[in-house]
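Dumped start-v2.txt below, it's compact mmCIF, C-alpha atoms:
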# COMPACT_ATOMS: atom_id res chain seq x y z
CA MET A 219 22.43 161.00 -14.62
CA VAL A 220 20.09 157.96 -14.86
CA PHE A 221 22.73 156.11 -16.92
CA SER A 222 25.31 156.88 -14.27
CA ASN A 223 23.14 155.38 -11.51
CA ILE A 224 22.38 152.24 -13.56
CA GLN A 225 26.06 151.79 -14.31
CA LYS A 226 26.93 152.19 -10.64
CA ASP A 227 24.30 149.68 -9.50
CA SER A 228 25.40 147.10 -12.08
CA LEU A 229 29.05 147.11 -10.96
CA TYR A 230 30.20 143.76 -9.49
CA VAL A 231 31.85 144.22 -6.12
CA ALA A 232 34.39 141.40 -5.53
CA GLU A 233 34.98 140.15 -2.03
CA SER A 234 38.36 140.83 -0.50
CA LEU A 235 40.81 137.96 -0.43
CA PHE A 236 41.64 138.87 3.15
CA GLU A 237 38.09 138.50 4.48
CA ASN A 238 35.66 135.61 5.02
CA HIS A 239 38.36 132.89 4.96
CA LEU A 240 39.31 130.10 7.34
CA LEU A 241 42.80 131.37 8.10
CA ASN A 242 42.96 132.95 11.52
CA ARG A 243 45.54 135.59 12.25
CA ILE A 244 47.85 134.63 15.10
CA HIS A 245 50.45 137.39 15.17
CA GLU A 246 49.74 141.10 15.00
CA PHE A 247 53.10 141.97 13.41
CA PRO A 248 55.23 140.42 10.66
CA ILE A 249 57.46 137.66 11.93
CA TYR A 250 61.10 137.68 10.83
CA SER A 251 63.62 134.88 10.91
CA ASN A 252 65.69 134.74 14.07
CA ALA A 253 68.43 132.60 12.47
CA THR A 254 71.96 133.69 13.30
CA ILE A 255 74.12 134.56 10.31
CA ILE A 256 77.64 133.14 10.73
CA VAL A 257 80.08 135.60 9.20
CA TRP A 258 83.45 134.15 10.16
CA PRO A 259 83.54 131.37 7.47
CA LEU A 260 83.14 134.04 4.78
CA ILE A 261 85.99 136.07 6.30
CA VAL A 262 88.28 133.01 6.48
CA LEU A 263 87.60 131.92 2.91
CA ALA A 264 87.97 135.50 1.65
CA LEU A 265 91.37 135.73 3.36
CA ILE A 266 92.49 132.50 1.68
CA LEU A 267 91.33 133.79 -1.68
CA VAL A 268 93.20 137.06 -1.21
CA ASN A 269 96.38 135.16 -0.31
CA ASN A 270 96.09 132.96 -3.40
CA VAL A 271 95.46 135.89 -5.71
CA SER A 272 98.33 137.89 -4.20
CA ALA A 273 100.73 134.97 -4.62
CA TYR A 274 99.61 134.37 -8.20
CA ILE A 275 100.01 138.03 -9.15
CA SER A 276 103.47 138.30 -7.58
CA SER A 277 104.81 135.01 -8.99
CA PRO A 278 102.54 133.06 -11.37
CA LYS A 279 105.36 130.67 -12.34
CA LYS A 280 105.92 129.69 -8.71
CA PHE A 281 102.21 129.08 -8.35
CA PHE A 282 102.11 126.49 -11.15
CA ASP A 283 105.51 124.98 -10.28
CA LEU A 284 104.19 124.22 -6.81
CA LEU A 285 101.15 122.41 -8.19
CA ILE A 286 103.31 120.30 -10.52
CA SER A 287 105.85 119.49 -7.80
CA SER A 288 103.41 117.20 -5.98
CA PHE A 289 103.30 114.89 -9.00
CA SER A 290 106.72 115.42 -10.55
CA LEU A 291 109.92 114.66 -8.66
CA GLN A 292 111.98 116.64 -11.17
CA ALA A 293 109.83 119.75 -10.68
CA SER A 294 110.09 119.22 -6.92
CA LYS A 295 113.89 119.11 -7.10
CA GLN A 296 113.92 122.32 -9.12
CA LEU A 297 111.69 124.05 -6.59
CA LEU A 298 113.99 122.87 -3.79
CA ARG A 299 116.99 124.37 -5.60
CA GLU A 300 115.10 127.65 -5.80
CA ASP A 301 115.13 127.73 -1.98
CA TYR A 302 111.40 127.27 -1.37
CA LYS A 303 111.35 127.67 2.43
CA LEU A 304 109.20 129.15 5.16
CA ASN A 305 111.39 132.25 5.36
CA LYS A 306 109.98 133.42 2.00
CA ARG A 307 106.81 135.47 1.56
CA ILE A 308 104.89 133.14 -0.80
CA PRO A 309 105.46 129.96 1.29
CA ILE A 310 104.26 131.87 4.36
CA PHE A 311 101.02 132.84 2.57
CA PHE A 312 100.48 129.27 1.38
CA SER A 313 101.21 127.87 4.84
CA ILE A 314 98.56 130.16 6.35
CA ASN A 315 96.10 128.98 3.69
CA PHE A 316 96.89 125.34 4.41
CA LEU A 317 96.37 125.70 8.17
CA LEU A 318 93.11 127.61 7.74
CA LEU A 319 91.73 125.15 5.16
CA ILE A 320 92.71 121.96 6.99
CA ALA A 321 91.26 123.35 10.22
CA PHE A 322 88.09 124.26 8.32
CA LEU A 323 87.85 120.74 6.89
CA VAL A 324 88.31 119.24 10.37
CA PHE A 325 85.68 121.65 11.73
CA LYS A 326 83.15 120.69 9.03
CA THR A 327 83.88 116.99 9.62
CA ASN A 328 83.34 117.48 13.34
CA SER A 329 80.08 119.36 12.66
CA TYR A 330 78.90 116.66 10.27
CA PHE A 331 79.28 114.07 13.02
CA ASN A 332 77.30 116.19 15.53
CA SER A 333 80.28 118.03 17.04
CA ALA A 334 81.94 115.04 18.68
CA LEU A 335 84.73 117.37 19.89
CA PHE A 336 84.35 120.75 21.60
CA SER A 337 80.54 120.55 21.46
CA GLN A 338 80.27 122.90 24.45
CA TYR A 339 81.82 125.80 22.51
CA SER A 340 80.57 128.02 19.70
CA SER A 341 81.48 127.29 16.08
CA LEU A 342 84.14 130.01 15.93
CA VAL A 343 85.81 128.82 19.14
CA GLN A 344 85.78 125.25 17.81
CA TYR A 345 87.43 126.38 14.61
CA LEU A 346 90.11 128.35 16.47
CA PHE A 347 90.80 125.29 18.62
CA PHE A 348 91.42 123.23 15.50
CA VAL A 349 93.68 125.92 14.04
CA CYS A 350 95.76 125.96 17.22
CA ILE A 351 95.96 122.17 17.46
CA ILE A 352 97.02 121.72 13.82
CA SER A 353 99.56 124.54 14.09
CA LEU A 354 101.02 122.94 17.23
CA VAL A 355 101.24 119.55 15.50
CA TYR A 356 103.25 121.01 12.62
CA VAL A 357 105.53 123.00 14.90
CA ILE A 358 106.31 119.83 16.84
CA LYS A 359 106.77 117.94 13.58
CA PHE A 360 109.34 120.41 12.23
CA LEU A 361 111.22 120.54 15.56
CA ALA A 362 111.26 116.75 15.74
CA THR A 363 112.50 116.61 12.15
CA PHE A 364 115.45 118.81 13.04
CA PHE A 365 116.45 116.84 16.16
CA VAL A 366 115.89 113.35 14.71
CA SER A 367 117.76 114.14 11.49
CA TYR A 368 120.62 115.58 13.55
CA LEU A 369 120.79 112.60 15.90
CA LEU A 370 120.69 110.07 13.05
CA ASN A 371 123.10 112.15 10.93
CA ILE A 372 120.63 112.43 8.04
CA GLU A 373 120.34 116.21 7.72
CA GLU A 374 119.72 116.06 3.98
CA LEU A 375 116.75 113.78 4.45
CA GLY A 376 115.43 116.15 7.11
CA LYS A 377 115.56 119.03 4.66
CA GLU A 378 113.85 116.97 1.95
CA TYR A 379 111.19 115.83 4.38
CA THR A 380 110.42 119.38 5.54
CA PHE A 381 110.34 120.59 1.95
CA ASN A 382 107.90 117.86 0.87
CA VAL A 383 105.64 118.55 3.85
CA LEU A 384 105.41 122.14 2.63
CA VAL A 385 104.94 121.25 -1.05
CA PHE A 386 102.20 118.68 -0.55
CA GLY A 387 100.44 120.79 2.07
CA HIS A 388 100.42 123.89 -0.10
CA SER A 389 99.32 121.96 -3.19
CA LEU A 390 96.53 120.34 -1.18
CA SER A 391 95.27 123.77 -0.14
CA PHE A 392 94.81 124.72 -3.83
CA VAL A 393 92.85 121.55 -4.55
CA LEU A 394 90.71 121.75 -1.41
CA PHE A 395 89.74 125.41 -1.68
CA PRO A 396 86.89 125.02 -4.25
CA ALA A 397 85.54 121.96 -2.42
CA ILE A 398 85.54 123.81 0.92
CA VAL A 399 83.72 126.77 -0.65
CA PHE A 400 81.00 124.48 -2.02
CA LEU A 401 80.90 122.59 1.27
CA GLU A 402 80.17 125.79 3.16
CA PHE A 403 77.83 127.65 0.80
CA SER A 404 76.23 125.06 -1.48
CA LYS A 405 72.77 123.64 -0.77
CA VAL A 406 73.97 120.23 -1.96
CA PRO A 407 74.20 117.70 0.92
CA ALA A 408 77.50 118.05 2.74
CA GLN A 409 78.65 114.47 2.18
CA PHE A 410 79.02 115.08 -1.57
CA PHE A 411 81.91 117.47 -0.85
CA LEU A 412 83.07 116.30 2.58
CA TYR A 413 83.98 112.71 1.72
CA PRO A 414 85.83 113.58 -1.54
CA SER A 415 87.78 116.24 0.39
CA LEU A 416 88.80 113.70 3.03
CA ILE A 417 89.78 111.16 0.36
CA ILE A 418 91.86 113.75 -1.51
CA SER A 419 93.59 114.78 1.73
CA GLY A 420 94.40 111.15 2.50
CA GLY A 421 95.68 110.66 -1.05
CA PHE A 422 98.06 113.62 -0.77
CA TYR A 423 99.29 112.29 2.57
CA LEU A 424 100.08 108.88 1.07
CA LEU A 425 101.80 110.47 -1.92
CA ARG A 426 103.97 112.48 0.45
CA LEU A 427 104.95 109.37 2.38
CA LEU A 428 105.80 107.50 -0.81
CA ARG A 429 107.87 110.45 -2.06
CA VAL A 430 109.91 110.61 1.15
CA LEU A 431 110.36 106.81 1.22
CA TYR A 432 111.64 106.85 -2.35
CA ILE A 433 114.06 109.71 -1.65
CA SER A 434 115.25 108.07 1.57
CA TYR A 435 115.94 104.65 0.11
CA SER A 436 117.03 105.33 -3.46
CA GLU A 437 118.72 108.73 -3.26
CA GLN A 438 119.95 109.15 0.31
CA ASN A 439 120.94 105.46 0.72
CA ILE A 440 119.43 105.29 4.19
CA GLY A 441 118.74 101.92 5.78
CA ILE A 442 115.25 100.54 6.34
CA VAL A 443 115.71 100.63 10.13
CA HIS A 444 116.56 104.34 10.10
CA ILE A 445 113.64 105.09 7.80
CA PHE A 446 111.27 103.16 10.07
CA MET A 447 112.52 105.00 13.17
CA TYR A 448 112.24 108.31 11.33
CA PHE A 449 108.64 107.78 10.31
CA CYS A 450 107.64 106.43 13.71
CA ALA A 451 109.00 109.61 15.31
CA LEU A 452 107.55 112.06 12.79
CA GLU A 453 104.31 110.52 11.54
CA ILE A 454 102.91 107.68 13.64
CA LEU A 455 103.77 108.76 17.19
CA PRO A 456 102.51 112.39 16.93
CA LEU A 457 99.27 111.19 15.37
CA LEU A 458 98.65 108.64 18.12
CA ILE A 459 99.43 111.19 20.84
CA LEU A 460 97.04 113.70 19.27
CA VAL A 461 94.20 111.20 18.96
CA LYS A 462 94.67 110.02 22.55
CA PHE A 463 94.78 113.60 23.84
CA LEU A 464 91.57 114.59 22.07
CA PHE A 465 89.54 111.60 23.15
CA LEU A 466 90.74 111.72 26.75
CA ASN A 467 90.09 115.42 27.25
CA PHE A 468 87.08 116.07 25.05
As a first step, turn the structure in this file into structure tokens.
Amino acid sequence: MVFSNIQKDSLYVAESLFENHLLNRIHEFPIYSNATIIVWPLIVLALILVNNVSAYISSPKKFFDLLISSFSLQASKQLLREDYKLNKRIPIFFSINFLLLIAFLVFKTNSYFNSALFSQYSSLVQYLFFVCIISLVYVIKFLATFFVSYLLNIEELGKEYTFNVLVFGHSLSFVLFPAIVFLEFSKVPAQFFLYPSLIISGGFYLLRLLRVLYISYSEQNIGIVHIFMYFCALEILPLLILVKFLFLNF
């Protein structure tokens, strides 16, 4: 009994870490983050991934032929002979992916430069605006292609032009998808993925123009004046109208 009391008195009682300190408690309850979780980018990117996987499973050869067609004219001709058009299931999937990805890239570029356009709207509404604008541009482009090629009696060039717009757009969506995923979810500064994505997009655009110019001049035997009129109507004029519309209204 004596030993028990001595042992009890000799025990060292440590002070609590939560007492006798200089930190004053401000809040009575735990404070949680009020940050809003944006879910729609995950849904959009998941939809694109599902479309790519579905297309690859249904036709893996078509998947790789499309990638090669942007860099090989022979592979492009073969794909054209296989009737690669928008009335087929796989081109429709890839066209949806292209519109969603390009709109996403434009949205991220706009956000990077402090939402120069549509700053008064939420992020989802901004993105949907860009989807609608890009879709409208391509609808006008395809309609203008049909009418201009008919008026100038160059229907074959119109078909080749429409086909190459699809091929380069769909191939670009494959290349951009990983970069867009890292741009959205990576903690690396945005410019490390944003600027390369913009450069790649510009490179694909130039390759498409060079492809159509080569086909027009060397294969279709179309004069320089007709080619110039064609590209002014389908490339330069719609772009200038779009830029003027955006900066005048937003």
Residues within 12 Å of (114.1, 128.6, -8.4), file coords, all atoms listed in the file, listed as a compact mmCIF listing (two decimals) with C-alpha atoms, in the frame of the given file:
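The resulting file, part-v1.txt, is shown below:
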# COMPACT_ATOMS: atom_id res chain seq x y z
CA SER A 277 104.81 135.01 -8.99
CA LYS A 279 105.36 130.67 -12.34
CA LYS A 280 105.92 129.69 -8.71
CA PHE A 281 102.21 129.08 -8.35
CA ASP A 283 105.51 124.98 -10.28
CA LEU A 284 104.19 124.22 -6.81
CA ALA A 293 109.83 119.75 -10.68
CA SER A 294 110.09 119.22 -6.92
CA LYS A 295 113.89 119.11 -7.10
CA GLN A 296 113.92 122.32 -9.12
CA LEU A 297 111.69 124.05 -6.59
CA LEU A 298 113.99 122.87 -3.79
CA ARG A 299 116.99 124.37 -5.60
CA GLU A 300 115.10 127.65 -5.80
CA ASP A 301 115.13 127.73 -1.98
CA TYR A 302 111.40 127.27 -1.37
CA LYS A 303 111.35 127.67 2.43
*What is the atom CA of A:Gln409-atom CA of A:Lys326 distance in Å, reported with one decimal?*
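Computed distance, atom CA of A:Gln409 to atom CA of A:Lys326, equals 10.3 Å.
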_Atomic distance atom CA of A:Ile266 - atom CA of A:Asn315, expressed in Å with one decimal_ =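 Atom-to-atom, atom CA of A:Ile266 to atom CA of A:Asn315, that is 5.4 Å.
Compared by their closest atoms to A:Ser288, and using all atoms listed in the file, the residues A:Lys306, A:Lys405, A:Lys377, A:Arg426 rank with A:Arg426 nearest.
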*Quick one: pull the distance between atom CA of A:Tyr413 and atom CA of A:Leu291, Å, one decimal.*
28.0 Å
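Excluding A:Glu402 itself and any same-chain residue fewer than 3 positions from it, the protein and nucleic acid residues within 8 Å of it, counting only C-alpha atoms, are Pro259, Ile398 and Val399 of chain A.
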*Using only C-alpha atoms, pick whichever of A:Phe360, A:Phe410, A:Tyr432, A:Phe312 has the shortest atom-to-atom distance to A:Tyr330.*
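Answer, going by the shortest atom-to-atom distance: A:Phe410.
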_Measuring between all atoms listed in the file, which one of A:Cys450, A:Leu318, A:Leu384, A:Cys350 shows the shortest distance to A:Val366?_
A:Cys450
*Taking into account all atoms listed in the file, which residue in the set A:Ser434, A:Ser415, A:Phe325, A:Tyr368 is nearest to A:Phe392?*
A:Ser415
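Comparing the minimum interatomic distances between A:Val393 and each of A:Ile320, A:Val349, A:Ala273, A:Leu375, counting all atoms listed in the file, we find that A:Ile320 sits nearest.
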_Which of A:Ile418, A:Leu370, A:Ile454, A:Leu425 sits closest to A:Asn382 [using only C-alpha atoms]_ =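 Of the candidates, the smallest distance to A:Asn382 is held by A:Leu425.
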Please provide as a compact mmCIF listing (two decimals) with C-alpha atoms, in the coordinates of the input all residues within 8 Å of A:Gly376, with the sequence filter that same-chain residues fewer than 6 positions apart are discarded (counting only C-alpha atoms).
# COMPACT_ATOMS: atom_id res chain seq x y z
CA THR A 363 112.50 116.61 12.15
CA PHE A 364 115.45 118.81 13.04
CA SER A 367 117.76 114.14 11.49
*Fewer than 2 positions away in the same chain doesn't count, so skip those; otherwise give me all residues within 12 Å of A:Ser419, counting all atoms listed in the file, as a ChimeraX atom specification.*
/A:316,319-320,323-324,386-395,397,412-417,421-426
Missing atoms in stretch 324-335 of chain A need filling: write out all heavy atoms for it as an mmCIF file, keeping the file's coordinate frame.
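Saved to out_4.cif:
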data_model
loop_
_atom_site.group_PDB
_atom_site.id
_atom_site.type_symbol
_atom_site.label_atom_id
_atom_site.label_comp_id
_atom_site.auth_asym_id
_atom_site.auth_seq_id
_atom_site.Cartn_x
_atom_site.Cartn_y
_atom_site.Cartn_z
ATOM 1 N N VAL A 324 88.495 119.977 9.118
ATOM 2 C CA VAL A 324 88.310 119.240 10.370
ATOM 3 C C VAL A 324 87.065 119.753 11.097
ATOM 4 O O VAL A 324 86.281 118.964 11.655
ATOM 5 C CB VAL A 324 89.557 119.375 11.255
ATOM 6 C CG1 VAL A 324 89.323 118.733 12.618
ATOM 7 C CG2 VAL A 324 90.765 118.730 10.578
ATOM 8 N N PHE A 325 86.866 121.069 11.093
ATOM 9 C CA PHE A 325 85.680 121.650 11.730
ATOM 10 C C PHE A 325 84.394 121.153 11.077
ATOM 11 O O PHE A 325 83.442 120.775 11.767
ATOM 12 C CB PHE A 325 85.762 123.173 11.667
ATOM 13 C CG PHE A 325 84.465 123.866 11.965
ATOM 14 C CD1 PHE A 325 83.990 123.956 13.259
ATOM 15 C CD2 PHE A 325 83.708 124.410 10.936
ATOM 16 C CE1 PHE A 325 82.774 124.580 13.535
ATOM 17 C CE2 PHE A 325 82.503 125.038 11.196
ATOM 18 C CZ PHE A 325 82.026 125.123 12.498
ATOM 19 N N LYS A 326 84.357 121.140 9.737
ATOM 20 C CA LYS A 326 83.150 120.690 9.030
ATOM 21 C C LYS A 326 82.926 119.195 9.256
ATOM 22 O O LYS A 326 81.778 118.747 9.361
ATOM 23 C CB LYS A 326 83.275 120.987 7.543
ATOM 24 C CG LYS A 326 83.357 122.461 7.195
ATOM 25 C CD LYS A 326 82.137 123.238 7.645
ATOM 26 C CE LYS A 326 80.900 122.907 6.864
ATOM 27 N NZ LYS A 326 79.753 123.789 7.233
ATOM 28 N N THR A 327 84.017 118.424 9.335
ATOM 29 C CA THR A 327 83.880 116.990 9.620
ATOM 30 C C THR A 327 83.323 116.788 11.027
ATOM 31 O O THR A 327 82.435 115.948 11.251
ATOM 32 C CB THR A 327 85.238 116.293 9.491
ATOM 33 O OG1 THR A 327 85.774 116.538 8.186
ATOM 34 C CG2 THR A 327 85.096 114.793 9.692
ATOM 35 N N ASN A 328 83.832 117.558 11.976
ATOM 36 C CA ASN A 328 83.340 117.480 13.340
ATOM 37 C C ASN A 328 81.865 117.882 13.417
ATOM 38 O O ASN A 328 81.071 117.249 14.130
ATOM 39 C CB ASN A 328 84.185 118.375 14.244
ATOM 40 C CG ASN A 328 83.842 118.221 15.711
ATOM 41 O OD1 ASN A 328 83.830 117.121 16.245
ATOM 42 N ND2 ASN A 328 83.554 119.332 16.373
ATOM 43 N N SER A 329 81.486 118.918 12.677
ATOM 44 C CA SER A 329 80.080 119.360 12.660
ATOM 45 C C SER A 329 79.181 118.315 12.007
ATOM 46 O O SER A 329 78.040 118.104 12.435
ATOM 47 C CB SER A 329 79.972 120.695 11.916
ATOM 48 O OG SER A 329 80.739 121.699 12.544
ATOM 49 N N TYR A 330 79.692 117.677 10.976
ATOM 50 C CA TYR A 330 78.900 116.660 10.270
ATOM 51 C C TYR A 330 78.571 115.486 11.180
ATOM 52 O O TYR A 330 77.485 114.900 11.082
ATOM 53 C CB TYR A 330 79.665 116.184 9.037
ATOM 54 C CG TYR A 330 78.926 115.179 8.200
ATOM 55 C CD1 TYR A 330 77.892 115.574 7.353
ATOM 56 C CD2 TYR A 330 79.252 113.827 8.253
ATOM 57 C CE1 TYR A 330 77.203 114.645 6.582
ATOM 58 C CE2 TYR A 330 78.581 112.897 7.491
ATOM 59 C CZ TYR A 330 77.556 113.303 6.656
ATOM 60 O OH TYR A 330 76.872 112.381 5.892
ATOM 61 N N PHE A 331 79.500 115.161 12.074
ATOM 62 C CA PHE A 331 79.280 114.070 13.020
ATOM 63 C C PHE A 331 78.817 114.606 14.378
ATOM 64 O O PHE A 331 79.230 114.128 15.437
ATOM 65 C CB PHE A 331 80.550 113.245 13.178
ATOM 66 C CG PHE A 331 80.900 112.463 11.945
ATOM 67 C CD1 PHE A 331 81.913 112.892 11.103
ATOM 68 C CD2 PHE A 331 80.197 111.322 11.610
ATOM 69 C CE1 PHE A 331 82.236 112.185 9.951
ATOM 70 C CE2 PHE A 331 80.513 110.608 10.459
ATOM 71 C CZ PHE A 331 81.528 111.036 9.629
ATOM 72 N N ASN A 332 77.985 115.639 14.342
ATOM 73 C CA ASN A 332 77.300 116.190 15.530
ATOM 74 C C ASN A 332 78.266 116.706 16.595
ATOM 75 O O ASN A 332 78.042 116.534 17.793
ATOM 76 C CB ASN A 332 76.370 115.138 16.137
ATOM 77 C CG ASN A 332 75.291 114.686 15.188
ATOM 78 O OD1 ASN A 332 74.713 115.501 14.463
ATOM 79 N ND2 ASN A 332 75.030 113.399 15.155
ATOM 80 N N SER A 333 79.330 117.359 16.135
ATOM 81 C CA SER A 333 80.280 118.030 17.040
ATOM 82 C C SER A 333 80.768 117.077 18.138
ATOM 83 O O SER A 333 80.566 117.312 19.328
ATOM 84 C CB SER A 333 79.653 119.278 17.654
ATOM 85 O OG SER A 333 79.340 120.220 16.654
ATOM 86 N N ALA A 334 81.418 116.010 17.722
ATOM 87 C CA ALA A 334 81.940 115.040 18.680
ATOM 88 C C ALA A 334 82.986 115.660 19.598
ATOM 89 O O ALA A 334 83.139 115.244 20.743
ATOM 90 C CB ALA A 334 82.537 113.844 17.936
ATOM 91 N N LEU A 335 83.711 116.679 19.094
ATOM 92 C CA LEU A 335 84.730 117.370 19.890
ATOM 93 C C LEU A 335 84.324 118.819 20.093
ATOM 94 O O LEU A 335 83.776 119.454 19.186
ATOM 95 C CB LEU A 335 86.082 117.306 19.180
ATOM 96 C CG LEU A 335 86.658 115.911 18.908
ATOM 97 C CD1 LEU A 335 87.915 116.013 18.073
ATOM 98 C CD2 LEU A 335 86.951 115.195 20.217
#
